[in-house]
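Text of my_file-v9.cif, listed as mmCIF, C-alpha atoms:
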data_coords
loop_
_atom_site.label_atom_id
_atom_site.label_comp_id
_atom_site.auth_asym_id
_atom_site.auth_seq_id
_atom_site.Cartn_x
_atom_site.Cartn_y
_atom_site.Cartn_z
CA MET A 1 99.03 107.01 163.34
CA GLY A 2 100.02 103.36 163.54
CA LEU A 3 103.21 103.69 161.50
CA LYS A 4 105.34 100.58 161.27
CA ARG A 5 109.08 100.88 161.52
CA ASN A 6 110.54 100.38 158.06
CA PRO A 7 113.76 98.29 158.24
CA ASN A 8 114.98 99.92 155.01
CA LEU A 9 115.22 103.25 156.82
CA MET A 10 117.15 102.02 159.85
CA LEU A 11 120.22 104.09 160.72
CA LYS A 12 119.55 106.63 157.98
CA LYS A 13 120.82 110.14 158.76
CA ILE A 14 118.93 113.42 158.51
CA PHE A 15 120.48 116.88 158.32
CA ILE A 16 118.12 119.69 159.38
CA LYS A 17 118.87 123.32 158.58
CA THR A 18 116.62 125.86 160.28
CA PHE A 19 115.93 129.41 159.12
CA GLY A 20 114.07 132.13 160.99
CA CYS A 21 112.20 132.25 164.24
CA GLN A 22 112.36 130.39 167.53
CA MET A 23 109.20 128.53 166.63
CA ASN A 24 111.03 127.03 163.67
CA GLU A 25 113.75 125.85 166.04
CA TYR A 26 111.08 124.16 168.17
CA ASP A 27 109.48 122.66 165.05
CA SER A 28 112.81 121.29 163.82
CA ASN A 29 113.33 119.52 167.14
CA ARG A 30 109.85 118.00 166.98
CA ILE A 31 110.37 116.94 163.36
CA PHE A 32 113.45 115.05 164.48
CA ASP A 33 111.52 113.46 167.36
CA THR A 34 109.07 112.25 164.70
CA VAL A 35 111.49 110.87 162.09
CA LYS A 36 113.39 108.98 164.79
CA LYS A 37 110.34 106.70 164.81
CA ILE A 38 111.24 105.51 161.30
CA GLY A 39 114.92 105.02 161.95
CA PHE A 40 116.60 108.38 161.35
CA GLU A 41 119.54 109.70 163.32
CA LYS A 42 120.55 113.36 163.28
CA THR A 43 123.82 114.38 161.67
CA ASP A 44 125.64 117.71 161.76
CA LYS A 45 127.55 116.77 158.60
CA TYR A 46 125.35 117.52 155.63
CA GLU A 47 127.50 115.42 153.30
CA ASP A 48 126.57 112.31 155.33
CA ALA A 49 122.83 112.88 155.07
CA ASN A 50 120.34 110.47 153.51
CA CYS A 51 117.69 113.13 154.05
CA TYR A 52 118.28 116.90 153.79
CA LEU A 53 115.55 119.04 155.35
CA LEU A 54 115.26 122.83 155.16
CA ASN A 55 112.89 124.38 157.68
CA THR A 56 112.11 127.74 156.10
CA CYS A 57 110.91 131.18 157.20
CA HIS A 58 108.86 133.58 155.06
CA ILE A 59 109.23 136.69 157.23
CA ARG A 60 112.55 138.04 156.01
CA ASP A 61 113.38 139.48 152.60
CA LYS A 62 114.10 137.13 149.69
CA ALA A 63 113.16 134.09 151.79
CA LYS A 64 112.07 132.09 148.76
CA GLU A 65 115.25 132.76 146.79
CA LYS A 66 117.38 131.74 149.78
CA VAL A 67 115.70 128.33 149.68
CA TYR A 68 116.50 127.81 145.99
CA HIS A 69 120.07 128.99 146.59
CA GLU A 70 120.40 126.44 149.40
CA ILE A 71 119.00 123.66 147.19
CA GLY A 72 121.57 124.60 144.53
CA ARG A 73 124.30 124.19 147.12
CA VAL A 74 122.96 120.76 148.09
CA LYS A 75 122.96 119.68 144.44
CA LYS A 76 126.65 120.55 144.17
CA ILE A 77 127.50 118.72 147.39
CA PHE A 78 125.80 115.54 146.24
CA ARG A 79 126.80 115.76 142.57
CA SER A 80 129.06 112.69 142.89
CA LYS A 81 127.12 111.00 145.69
CA LYS A 82 123.74 109.33 146.07
CA LYS A 83 121.04 111.99 146.17
CA PRO A 84 119.38 112.42 149.60
CA ILE A 85 115.65 112.84 150.07
CA VAL A 86 115.25 116.63 149.92
CA ILE A 87 112.46 118.12 152.03
CA VAL A 88 111.43 121.76 152.20
CA ALA A 89 109.37 122.46 155.32
CA GLY A 90 108.08 125.58 157.04
CA CYS A 91 106.41 128.79 155.92
CA VAL A 92 107.99 129.10 152.46
CA ALA A 93 106.83 125.55 151.79
CA GLN A 94 103.32 126.50 152.87
CA ALA A 95 103.24 129.62 150.72
CA GLU A 96 104.77 128.13 147.57
CA ASN A 97 103.74 124.43 147.85
CA GLN A 98 103.31 122.92 144.32
CA GLU A 99 105.26 125.77 142.72
CA MET A 100 108.41 124.60 144.52
CA LEU A 101 108.09 121.10 143.11
CA ARG A 102 107.58 122.50 139.61
CA ARG A 103 110.44 124.98 139.76
CA GLU A 104 113.05 122.72 141.39
CA PRO A 105 112.82 118.99 140.50
CA TYR A 106 115.57 118.24 143.06
CA ILE A 107 112.99 118.80 145.83
CA ASP A 108 111.16 115.59 146.77
CA ILE A 109 108.79 116.62 149.55
CA VAL A 110 107.16 119.95 150.43
CA ILE A 111 105.48 120.07 153.84
CA GLY A 112 103.85 123.00 155.63
CA PRO A 113 104.15 123.81 159.34
CA GLN A 114 100.71 122.41 160.19
CA SER A 115 101.39 119.03 158.56
CA TYR A 116 104.49 117.78 160.39
CA HIS A 117 102.54 114.85 161.80
CA LYS A 118 102.42 113.53 158.21
CA ILE A 119 106.15 113.68 157.55
CA ASN A 120 106.87 110.00 158.25
CA ASP A 121 104.10 108.87 155.90
CA ALA A 122 105.38 111.27 153.23
CA ILE A 123 108.96 109.98 153.55
CA GLN A 124 107.87 106.35 153.42
CA ARG A 125 105.64 106.90 150.40
CA HIS A 126 108.42 108.70 148.56
CA THR A 127 110.91 105.96 149.48
CA ASN A 128 108.55 103.34 148.06
CA ASN A 129 107.31 105.04 144.88
CA LYS A 130 109.74 107.97 144.27
CA LYS A 131 106.80 110.30 143.63
CA LYS A 132 106.85 113.93 144.73
CA GLU A 133 104.92 114.66 147.94
CA GLU A 134 103.15 117.83 149.01
CA GLU A 135 101.43 118.27 152.38
CA THR A 136 100.22 121.80 153.15
CA GLU A 137 96.80 121.38 154.75
CA PHE A 138 96.04 123.28 157.96
CA ASP A 139 95.73 120.34 160.36
CA THR A 140 96.92 122.06 163.54
CA ILE A 141 94.81 120.04 165.98
CA LEU A 142 95.84 116.71 164.46
CA LYS A 143 99.46 117.82 164.40
CA PHE A 144 99.66 118.65 168.09
CA ASN A 145 97.61 115.60 169.10
CA TYR A 146 100.12 113.45 167.22
CA LEU A 147 103.20 115.24 168.59
CA SER A 148 101.84 115.02 172.14
CA LYS A 149 102.27 111.24 171.89
CA ILE A 150 105.97 111.63 171.07
CA LYS A 151 108.17 112.68 173.98
CA ASN A 152 110.10 115.91 173.60
CA LYS A 153 113.65 114.77 174.36
CA ASN A 154 115.47 117.63 172.63
CA SER A 155 115.68 119.78 175.71
CA LYS A 156 118.51 122.16 176.43
CA VAL A 157 119.06 124.16 179.62
CA SER A 158 116.91 126.82 177.95
CA SER A 159 114.14 125.14 175.94
CA PHE A 160 111.30 126.28 173.70
CA LEU A 161 107.71 125.12 174.08
CA THR A 162 105.10 126.10 171.49
CA ILE A 163 101.71 126.80 173.08
CA GLN A 164 99.97 128.71 170.30
CA GLU A 165 100.20 128.97 166.52
CA GLY A 166 98.68 131.09 163.81
CA CYS A 167 97.32 134.62 163.75
CA ASP A 168 93.95 136.33 163.42
CA LYS A 169 95.32 139.89 163.52
CA PHE A 170 96.01 140.28 159.76
CA CYS A 171 98.55 143.07 159.99
CA HIS A 172 98.79 144.38 156.43
CA PHE A 173 102.51 143.61 156.11
CA CYS A 174 102.45 140.08 157.53
CA VAL A 175 102.23 136.72 155.79
CA VAL A 176 101.82 134.62 158.97
CA PRO A 177 98.00 134.22 158.78
CA TYR A 178 98.49 132.69 155.32
CA THR A 179 101.40 130.40 156.21
CA ARG A 180 100.52 129.37 159.77
CA GLY A 181 96.74 129.68 159.55
CA PRO A 182 94.24 130.97 162.15
CA GLU A 183 95.06 131.25 165.84
CA TYR A 184 95.09 127.90 167.60
CA SER A 185 95.82 127.32 171.28
CA ARG A 186 97.02 123.90 172.42
CA PRO A 187 95.17 122.13 175.25
CA PHE A 188 96.40 123.24 178.68
CA ASP A 189 97.17 119.74 179.95
CA GLN A 190 99.04 118.88 176.74
CA ILE A 191 101.37 121.84 177.30
CA ILE A 192 101.94 121.01 180.98
CA ASN A 193 102.72 117.38 180.10
CA GLU A 194 105.30 118.49 177.55
CA ALA A 195 106.77 120.90 180.10
CA HIS A 196 107.28 117.91 182.42
CA GLU A 197 109.10 116.06 179.61
CA ILE A 198 111.33 119.04 178.92
CA VAL A 199 112.18 119.41 182.61
CA GLN A 200 112.96 115.69 182.90
CA SER A 201 115.44 116.15 180.07
CA GLY A 202 117.26 118.88 181.97
CA ALA A 203 115.60 122.20 181.10
CA LYS A 204 115.91 124.94 183.70
CA GLU A 205 114.32 127.69 181.59
CA ILE A 206 111.19 127.39 179.45
CA ILE A 207 110.36 129.89 176.72
CA LEU A 208 106.70 129.70 175.69
CA LEU A 209 106.25 130.36 171.98
CA GLY A 210 103.45 131.55 169.73
CA GLN A 211 102.87 133.85 166.79
CA ASN A 212 100.58 135.67 169.24
CA VAL A 213 101.61 133.92 172.42
CA ASN A 214 99.61 136.18 174.73
CA ALA A 215 96.45 135.45 172.71
CA TYR A 216 96.60 131.94 174.16
CA SER A 217 93.08 130.83 175.12
CA TYR A 218 91.93 127.28 175.75
CA GLU A 219 88.66 126.19 177.32
CA ASP A 220 87.68 122.76 178.61
CA LYS A 221 84.68 121.71 180.69
CA ASN A 222 86.29 123.01 183.87
CA LYS A 223 87.89 126.31 183.01
CA LYS A 224 89.03 128.81 180.43
CA TYR A 225 92.82 129.01 180.45
CA LYS A 226 94.94 131.97 179.40
CA LEU A 227 98.67 132.62 179.21
CA SER A 228 98.61 133.86 182.80
CA ASP A 229 97.36 130.44 183.96
CA LEU A 230 100.18 128.68 182.16
CA LEU A 231 102.79 130.99 183.65
CA LEU A 232 101.50 130.48 187.18
CA GLU A 233 101.33 126.70 186.72
CA LEU A 234 104.94 126.59 185.50
CA GLU A 235 105.88 128.68 188.53
CA ASN A 236 105.14 125.57 190.62
CA PHE A 237 107.79 123.46 188.85
CA ASN A 238 110.69 123.29 191.31
CA GLU A 239 113.18 122.47 188.55
CA ILE A 240 112.28 125.52 186.46
CA LYS A 241 114.33 128.57 187.37
CA ARG A 242 113.25 130.98 184.63
CA ILE A 243 110.17 131.48 182.44
CA ARG A 244 109.81 133.63 179.31
CA TYR A 245 107.26 134.02 176.50
CA THR A 246 107.40 135.44 172.98
CA THR A 247 106.10 136.95 170.71
CA SER A 248 103.34 139.12 172.13
CA HIS A 249 100.85 141.56 170.67
CA PRO A 250 100.01 144.78 172.57
CA LYS A 251 96.29 144.11 172.07
CA ASP A 252 96.56 140.94 174.16
CA MET A 253 98.49 142.36 177.15
CA THR A 254 95.50 141.82 179.43
CA ASP A 255 95.16 142.70 183.12
CA ASP A 256 95.59 139.10 184.28
CA LEU A 257 98.86 138.78 182.32
CA ILE A 258 100.24 142.08 183.62
CA ASN A 259 99.35 141.02 187.17
CA VAL A 260 101.49 137.87 186.85
CA TYR A 261 104.48 140.19 187.11
CA LYS A 262 103.32 140.98 190.66
CA LYS A 263 103.06 137.31 191.67
CA SER A 264 105.76 135.44 189.79
CA THR A 265 109.35 135.08 190.94
CA LYS A 266 110.41 133.13 187.85
CA LEU A 267 108.94 135.22 185.01
CA MET A 268 111.83 137.23 183.60
CA PRO A 269 111.64 141.07 183.55
CA LEU A 270 112.30 141.44 179.80
CA VAL A 271 109.09 142.01 177.85
CA HIS A 272 109.37 141.50 174.09
CA LEU A 273 106.41 143.51 172.79
CA PRO A 274 106.66 144.52 169.12
CA VAL A 275 105.39 148.03 168.46
CA GLN A 276 106.52 148.25 164.77
CA SER A 277 106.21 152.06 164.58
CA GLY A 278 105.98 155.08 166.85
CA SER A 279 103.39 156.73 164.63
CA ASN A 280 99.65 156.17 165.12
CA LYS A 281 99.11 156.98 161.45
CA ILE A 282 101.45 154.17 160.39
CA LEU A 283 100.05 151.76 162.98
CA LYS A 284 96.59 152.32 161.52
CA LEU A 285 97.87 151.77 157.98
CA MET A 286 99.54 148.57 159.23
CA ASN A 287 96.24 147.43 160.82
CA ARG A 288 98.06 146.90 164.10
CA LYS A 289 94.91 147.49 166.20
CA HIS A 290 96.73 149.42 168.93
CA THR A 291 97.87 153.01 169.44
CA ILE A 292 101.08 154.41 170.90
CA GLU A 293 99.09 155.72 173.85
CA GLU A 294 97.80 152.20 174.60
CA TYR A 295 101.30 150.81 174.24
CA LEU A 296 102.70 153.34 176.71
CA ILE A 297 99.97 152.50 179.25
CA ILE A 298 101.22 148.88 179.21
CA TYR A 299 104.79 150.11 179.57
CA GLU A 300 103.94 152.37 182.50
CA ARG A 301 101.86 149.72 184.31
CA LEU A 302 104.65 147.16 184.12
CA LYS A 303 107.30 149.68 185.21
CA LYS A 304 105.10 150.57 188.18
CA ILE A 305 104.92 146.90 189.18
CA ASN A 306 108.67 146.43 188.74
CA VAL A 307 110.97 149.33 187.88
CA ASN A 308 113.51 146.81 186.57
CA VAL A 309 111.23 145.60 183.75
CA GLU A 310 112.72 146.38 180.33
CA PHE A 311 111.20 146.23 176.85
CA SER A 312 112.48 144.88 173.57
CA SER A 313 110.65 145.37 170.30
CA ASP A 314 110.47 145.03 166.52
CA PHE A 315 110.46 148.05 164.19
CA ILE A 316 109.51 148.24 160.52
CA ILE A 317 111.18 151.22 158.88
CA GLY A 318 110.03 152.79 155.61
CA TYR A 319 106.48 151.42 155.68
CA PRO A 320 104.42 152.88 152.80
CA GLU A 321 103.43 156.52 153.52
CA GLU A 322 105.95 156.89 156.37
CA ASN A 323 107.13 160.51 156.36
CA ASP A 324 109.67 162.45 158.41
CA ASP A 325 107.16 163.16 161.19
CA ASP A 326 106.24 159.46 161.48
CA PHE A 327 109.91 158.56 161.71
CA LYS A 328 110.46 161.27 164.32
CA ASN A 329 107.64 159.77 166.40
CA THR A 330 109.37 156.39 166.30
CA MET A 331 112.65 157.94 167.45
CA GLU A 332 110.84 159.69 170.30
CA LEU A 333 109.26 156.42 171.41
CA ILE A 334 112.67 154.68 171.43
CA GLU A 335 114.08 157.55 173.50
CA LYS A 336 111.23 157.29 176.02
CA VAL A 337 111.11 153.50 176.45
CA LYS A 338 114.84 152.89 175.89
CA PHE A 339 114.24 149.57 174.16
CA THR A 340 116.92 146.93 174.49
CA ASN A 341 117.70 143.79 172.41
CA SER A 342 115.43 145.03 169.61
CA TYR A 343 115.16 144.28 165.91
CA SER A 344 114.64 146.72 163.04
CA PHE A 345 114.14 146.14 159.32
CA ILE A 346 113.24 148.06 156.19
CA PHE A 347 109.73 147.22 155.00
CA SER A 348 109.74 144.41 152.47
CA PRO A 349 106.46 143.58 150.71
CA ARG A 350 105.15 140.00 150.97
CA PRO A 351 103.03 138.60 148.12
CA GLY A 352 99.40 138.15 149.10
CA THR A 353 99.40 140.76 151.86
CA VAL A 354 97.50 144.06 151.73
CA ALA A 355 100.76 146.06 151.81
CA ALA A 356 102.27 144.11 148.90
CA ASP A 357 100.90 146.51 146.28
CA LEU A 358 101.48 149.82 148.08
CA ASP A 359 103.96 152.43 146.87
CA LEU A 360 107.32 152.07 148.58
CA VAL A 361 109.18 154.81 150.43
CA ASP A 362 112.33 155.91 148.60
CA LYS A 363 114.94 153.19 149.16
CA LYS A 364 117.74 155.62 150.00
CA LYS A 365 115.52 157.41 152.52
CA SER A 366 114.54 154.10 154.14
CA LYS A 367 118.18 153.05 154.46
CA GLU A 368 119.10 156.38 156.07
CA ARG A 369 116.27 156.02 158.59
CA LEU A 370 117.22 152.42 159.37
CA GLU A 371 120.82 153.44 160.07
CA ILE A 372 119.63 156.16 162.47
CA ILE A 373 117.22 153.81 164.24
CA GLN A 374 119.77 151.02 164.56
CA LYS A 375 122.45 153.37 165.84
CA LYS A 376 120.04 154.52 168.56
CA LEU A 377 118.98 150.97 169.48
CA PHE A 378 122.56 149.71 169.45
CA ASN A 379 123.67 152.62 171.64
CA ASN A 380 120.93 151.74 174.12
CA GLN A 381 122.33 148.22 174.31
CA ILE A 382 125.94 149.39 174.55
CA GLU A 383 125.07 151.82 177.38
CA LYS A 384 123.10 149.15 179.23
CA ASN A 385 125.95 146.65 178.97
CA LYS A 386 128.53 149.29 179.92
CA SER A 387 126.52 150.14 183.04
CA LEU A 388 126.93 146.55 184.24
CA GLU A 389 130.73 146.61 184.19
CA GLY A 390 132.03 146.21 187.72
CA LYS A 391 128.69 144.79 188.87
CA THR A 392 127.50 141.24 189.55
CA VAL A 393 124.72 139.65 187.50
CA ASN A 394 122.76 136.41 187.79
CA VAL A 395 123.53 134.10 184.86
CA LEU A 396 121.79 130.88 183.83
CA VAL A 397 124.66 128.81 182.42
CA GLU A 398 123.62 127.09 179.17
CA ASN A 399 126.71 125.44 177.71
CA ARG A 400 130.46 125.48 177.11
CA MET A 401 131.73 127.71 174.31
CA LYS A 402 133.24 126.14 171.20
CA ASP A 403 136.72 127.06 172.45
CA GLY A 404 136.22 124.38 175.09
CA ILE A 405 137.29 126.75 177.86
CA LYS A 406 134.72 129.43 178.64
CA LEU A 407 131.07 129.03 179.60
CA PHE A 408 128.07 130.73 178.00
CA GLY A 409 124.93 131.88 179.74
CA ARG A 410 122.35 134.66 179.79
CA THR A 411 121.20 137.34 182.19
CA GLU A 412 117.58 137.88 183.16
CA TYR A 413 117.41 140.25 180.16
CA MET A 414 118.67 137.62 177.66
CA THR A 415 122.07 139.29 177.31
CA SER A 416 124.88 136.85 176.51
CA VAL A 417 127.53 136.36 179.18
CA ILE A 418 130.89 134.67 178.55
CA PHE A 419 133.10 133.70 181.48
CA ASP A 420 135.48 131.09 182.91
CA GLY A 421 133.84 128.27 184.82
CA ASP A 422 133.50 124.55 185.37
CA LEU A 423 131.15 122.15 183.57
CA GLU A 424 129.35 121.57 186.86
CA ASN A 425 127.97 125.13 186.57
CA ILE A 426 125.93 124.26 183.44
CA GLY A 427 122.23 124.34 184.27
CA LYS A 428 122.76 126.49 187.36
CA ILE A 429 122.19 130.17 188.04
CA VAL A 430 125.51 131.64 189.12
CA GLN A 431 126.78 135.10 189.92
CA VAL A 432 129.26 136.59 187.47
CA GLU A 433 131.27 139.76 188.02
CA ILE A 434 131.25 141.73 184.75
CA THR A 435 134.68 142.99 183.74
CA SER A 436 134.00 144.21 180.17
CA SER A 437 131.32 144.37 177.50
CA ASN A 438 130.47 145.11 173.90
CA GLN A 439 127.18 145.68 172.08
CA ASN A 440 126.05 142.07 172.21
CA SER A 441 127.79 140.43 175.16
CA LEU A 442 129.07 140.74 178.69
CA PHE A 443 132.38 139.23 179.80
CA GLY A 444 133.30 138.40 183.36
CA LYS A 445 134.49 136.02 186.01
CA LEU A 446 132.67 133.68 188.34
CA LYS A 447 132.36 135.03 191.87
CA GLU A 448 134.73 133.30 194.29
CA SER A 449 131.86 131.87 196.34
CA TYR A 450 130.73 129.87 193.27
CA LYS A 451 134.17 128.43 192.66
CA GLN A 452 134.14 126.63 195.98
CA LYS A 453 132.86 123.12 195.51
CA VAL A 454 130.12 122.00 197.84
CA ALA A 455 131.35 119.30 200.25
#
Rewrite the structure of this file - the entire thing - as structure tokens.
Amino acid sequence: MGLKRNPNLMLKKIFIKTFGCQMNEYDSNRIFDTVKKIGFEKTDKYEDANCYLLNTCHIRDKAKEKVYHEIGRVKKIFRSKKKPIVIVAGCVAQAENQEMLRREPYIDIVIGPQSYHKINDAIQRHTNNKKKEEETEFDTILKFNYLSKIKNKNSKVSSFLTIQEGCDKFCHFCVVPYTRGPEYSRPFDQIINEAHEIVQSGAKEIILLGQNVNAYSYEDKNKKYKLSDLLLELENFNEIKRIRYTTSHPKDMTDDLINVYKKSTKLMPLVHLPVQSGSNKILKLMNRKHTIEEYLIIYERLKKINVNVEFSSDFIIGYPEENDDDFKNTMELIEKVKFTNSYSFIFSPRPGTVAADLDLVDKKKSKERLEIIQKKLFNNQIEKNKSLEGKTVNVLVENRMKDGIKLFGRTEYMTSVIFDGDLENIGKIVQVEITSSNQNSLFGKLKESYKQKVA
């Protein structure tokens, strides 16, 4: 965009707080890559910030109020200090836009998730004229074209890579089509180039992201590319040890994608495939566009390819018109599939969605059902983790724990593993003997063969 480096912004510090999904984490990293171009450094100490950015999520309950609460906290922190530039980014910014600037004068810039390529211009304009800025146009193509020219240097051992944004499904409970816009798939070569950058920065695992990641579809003059093509291309990267993708929609679990599980040695055997409900009646009311029977066909096909494949999911409890039979169907589905690492929430209406005006299920009843569902899901996880005690698992080591002693990594199924080890193990896949576990984590010791240093 031809931005000139502004000497007045040199060595300024930005504090970025991220709410919500993995895509927001990716976006926050790319925002920082962008503002570095105009002299910002990242700080983990909010009180040192010249710019305070909140990257917001609109999926969870009371998302908007959490933003205003956070802004109130910032105002107190900087009461006796020079006010930082305050930026609200993300999906709440997209949904509320001008209303945020009217309601909270402390906010300087509101910028939606498809306008991050404009953030430097917005900051510079505000610095020069002190006027409020609002950028919430859907400019997805321009955004990714701009970001593709800025190297992704924020890589960790396990790194995110957004390949697709937006949604055309219009589930009746979901605000994503209104905050992220229509489905857009990034150019194939652009994604592969960024994957190379991530790998050069040390990534050993890449997690492909999208609101409907398996709806990825990009066509150039030579070929039409799908998610399966991306997965198989990444398979050829020697440095990449593991590949994952999230979040998927059952409607887009196509034959070519399922068949990748036959060919790939790096695609992990945990499939995150949100079902939302075990009742066909509720799925139809949600406009989910799939049935339980279709979902189970996907499950059975993948288990036939690899018996070790496991499923995680999302569940919405207490959706309008959910009755005892619908809830029973959901429980039966959980019993059959034995979902692991899953998420469950009580339905919370989002303004602007079809479900926003529907009559709610009794709150007490919804809470009771959620407790039953979560107990079942948590027990699944506890039993799975317990079954690994005394066994050896492959762990991709990501970092050292805050205690400065133990290492942290994850199994093929994304389960956290905490164990003693040396810094030289970070970025490697090692074998860990599991000695104990709880609901969320495994604890163990490095196998003796991995303790021996290579000559």
With a distance cut-off of 7 Å and all atoms listed in the file, select the neighbouring residues of Glu135 (chain A), excluding the residue or stretch itself and same-chain residues fewer than 4 positions from it, and output the selection as a list of chain:residue names.
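So the residues in contact are A:Val110, A:Ile111, A:Gly112, A:Ser115.
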Can you turn the PyMOL selection byres ((chain A and resi 16) around 12) into a concrete residue list for this file, as a PDB file with C-alpha atoms, in the frame of the given file?
ATOM      1  CA  LYS A  13     120.820 110.140 158.760  1.00  0.00           C
ATOM      2  CA  ILE A  14     118.930 113.420 158.510  1.00  0.00           C
ATOM      3  CA  PHE A  15     120.480 116.880 158.320  1.00  0.00           C
ATOM      4  CA  LYS A  17     118.870 123.320 158.580  1.00  0.00           C
ATOM      5  CA  THR A  18     116.620 125.860 160.280  1.00  0.00           C
ATOM      6  CA  PHE A  19     115.930 129.410 159.120  1.00  0.00           C
ATOM      7  CA  ASN A  24     111.030 127.030 163.670  1.00  0.00           C
ATOM      8  CA  GLU A  25     113.750 125.850 166.040  1.00  0.00           C
ATOM      9  CA  ASP A  27     109.480 122.660 165.050  1.00  0.00           C
ATOM     10  CA  SER A  28     112.810 121.290 163.820  1.00  0.00           C
ATOM     11  CA  ASN A  29     113.330 119.520 167.140  1.00  0.00           C
ATOM     12  CA  ARG A  30     109.850 118.000 166.980  1.00  0.00           C
ATOM     13  CA  ILE A  31     110.370 116.940 163.360  1.00  0.00           C
ATOM     14  CA  PHE A  32     113.450 115.050 164.480  1.00  0.00           C
ATOM     15  CA  VAL A  35     111.490 110.870 162.090  1.00  0.00           C
ATOM     16  CA  PHE A  40     116.600 108.380 161.350  1.00  0.00           C
ATOM     17  CA  GLU A  41     119.540 109.700 163.320  1.00  0.00           C
ATOM     18  CA  LYS A  42     120.550 113.360 163.280  1.00  0.00           C
ATOM     19  CA  THR A  43     123.820 114.380 161.670  1.00  0.00           C
ATOM     20  CA  ASP A  44     125.640 117.710 161.760  1.00  0.00           C
ATOM     21  CA  LYS A  45     127.550 116.770 158.600  1.00  0.00           C
ATOM     22  CA  TYR A  46     125.350 117.520 155.630  1.00  0.00           C
ATOM     23  CA  GLU A  47     127.500 115.420 153.300  1.00  0.00           C
ATOM     24  CA  ASP A  48     126.570 112.310 155.330  1.00  0.00           C
ATOM     25  CA  ALA A  49     122.830 112.880 155.070  1.00  0.00           C
ATOM     26  CA  ASN A  50     120.340 110.470 153.510  1.00  0.00           C
ATOM     27  CA  CYS A  51     117.690 113.130 154.050  1.00  0.00           C
ATOM     28  CA  TYR A  52     118.280 116.900 153.790  1.00  0.00           C
ATOM     29  CA  LEU A  53     115.550 119.040 155.350  1.00  0.00           C
ATOM     30  CA  LEU A  54     115.260 122.830 155.160  1.00  0.00           C
ATOM     31  CA  ASN A  55     112.890 124.380 157.680  1.00  0.00           C
ATOM     32  CA  THR A  56     112.110 127.740 156.100  1.00  0.00           C
ATOM     33  CA  ILE A  85     115.650 112.840 150.070  1.00  0.00           C
ATOM     34  CA  VAL A  86     115.250 116.630 149.920  1.00  0.00           C
ATOM     35  CA  ILE A  87     112.460 118.120 152.030  1.00  0.00           C
ATOM     36  CA  VAL A  88     111.430 121.760 152.200  1.00  0.00           C
ATOM     37  CA  ALA A  89     109.370 122.460 155.320  1.00  0.00           C
ATOM     38  CA  GLY A  90     108.080 125.580 157.040  1.00  0.00           C
TER      39      GLY A  90
END
Please list as a ChimeraX atom specification every residue within 10 Å of Met253 (chain A), counting only C-alpha atoms and excluding residues in the same chain fewer than 6 positions away.
/A:214-215,227,273,295,298
Enumerate, as number ranges by chain, the residues matched when the PyMOL selection byres ((chain A and resi 96-103) around 10) is run on the file above.
A: 64, 67-68, 88-89, 91-95, 104-112, 132-136, 179
Nearest residue to Ser155 (chain A) from the set A:Lys118, A:Lys204, A:Lys37, A:Lys281 (distances using all atoms listed in the file)
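Looking at the shortest contact to Ser155 (chain A), the residue is A:Lys204.
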Expand the PyMOL selection byres ((chain A and resi 394) around 10) into the individual residues it matches in the shown file, reporting them as a list of chain:residue names.
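Given this file, the PyMOL selection byres ((chain A and resi 394) around 10) evaluates to A:Thr392, A:Val393, A:Val395, A:Leu396, A:Val397, A:Gly409, A:Arg410, A:Thr411, A:Glu412, A:Val417, A:Lys428, A:Ile429, A:Val430, A:Gln431, A:Val432, A:Glu433.
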With all atoms listed in the file counted and 12 Å as the cut-off, give the residues of region 253-313 of chain A in contact with region 366-389 of chain A, each with its shortest interatomic distance in Å and the pair that gives it, as a tab-separated table.
residue	atom	partner	partner_atom	distance
A:Ser277	CA	A:Ile373	CA	11.2
A:Gly278	CA	A:Ile373	CA	11.6
A:Glu310	CA	A:Lys384	CA	10.8
A:Phe311	CA	A:Asn380	CA	11.5
A:Ser312	CA	A:Leu377	CA	9.8
A:Ser313	CA	A:Leu377	CA	10.1
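Here CA of Asp420 (chain A) and CA of Gly202 (chain A) stand 22.0 Å from one another.
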Would you kindly identify which residues have an atom no farther than 12 Å from (110.8, 158.5, 147.5), using only C-alpha atoms and the file's own coordinates, and write them out as a ChimeraX atom specification?
/A:318-324,359-367
Serialized selection, C-alpha atoms, as a compact mmCIF listing (two decimals), in the frame of the given file:
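The result, written out as part-v6.txt:
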# COMPACT_ATOMS: atom_id res chain seq x y z
CA GLY A 318 110.03 152.79 155.61
CA TYR A 319 106.48 151.42 155.68
CA PRO A 320 104.42 152.88 152.80
CA GLU A 321 103.43 156.52 153.52
CA GLU A 322 105.95 156.89 156.37
CA ASN A 323 107.13 160.51 156.36
CA ASP A 324 109.67 162.45 158.41
CA ASP A 359 103.96 152.43 146.87
CA LEU A 360 107.32 152.07 148.58
CA VAL A 361 109.18 154.81 150.43
CA ASP A 362 112.33 155.91 148.60
CA LYS A 363 114.94 153.19 149.16
CA LYS A 364 117.74 155.62 150.00
CA LYS A 365 115.52 157.41 152.52
CA SER A 366 114.54 154.10 154.14
CA LYS A 367 118.18 153.05 154.46
Which residues are near region 205-208 of chain A? Cut-off 6 Å, only C-alpha atoms, ignore same chain within fewer than 4 positions. Put them as a PyMOL selection string.
chain A and resi 158-162+240-245
Please write the residues from the selection above to a file, keeping C-alpha atoms, as a CSV table (one decimal), in the frame of the given file.
chain,number,residue,atom,x,y,z
A,158,SER,CA,116.9,126.8,178.0
A,159,SER,CA,114.1,125.1,175.9
A,160,PHE,CA,111.3,126.3,173.7
A,161,LEU,CA,107.7,125.1,174.1
A,162,THR,CA,105.1,126.1,171.5
A,240,ILE,CA,112.3,125.5,186.5
A,241,LYS,CA,114.3,128.6,187.4
A,242,ARG,CA,113.2,131.0,184.6
A,243,ILE,CA,110.2,131.5,182.4
A,244,ARG,CA,109.8,133.6,179.3
A,245,TYR,CA,107.3,134.0,176.5
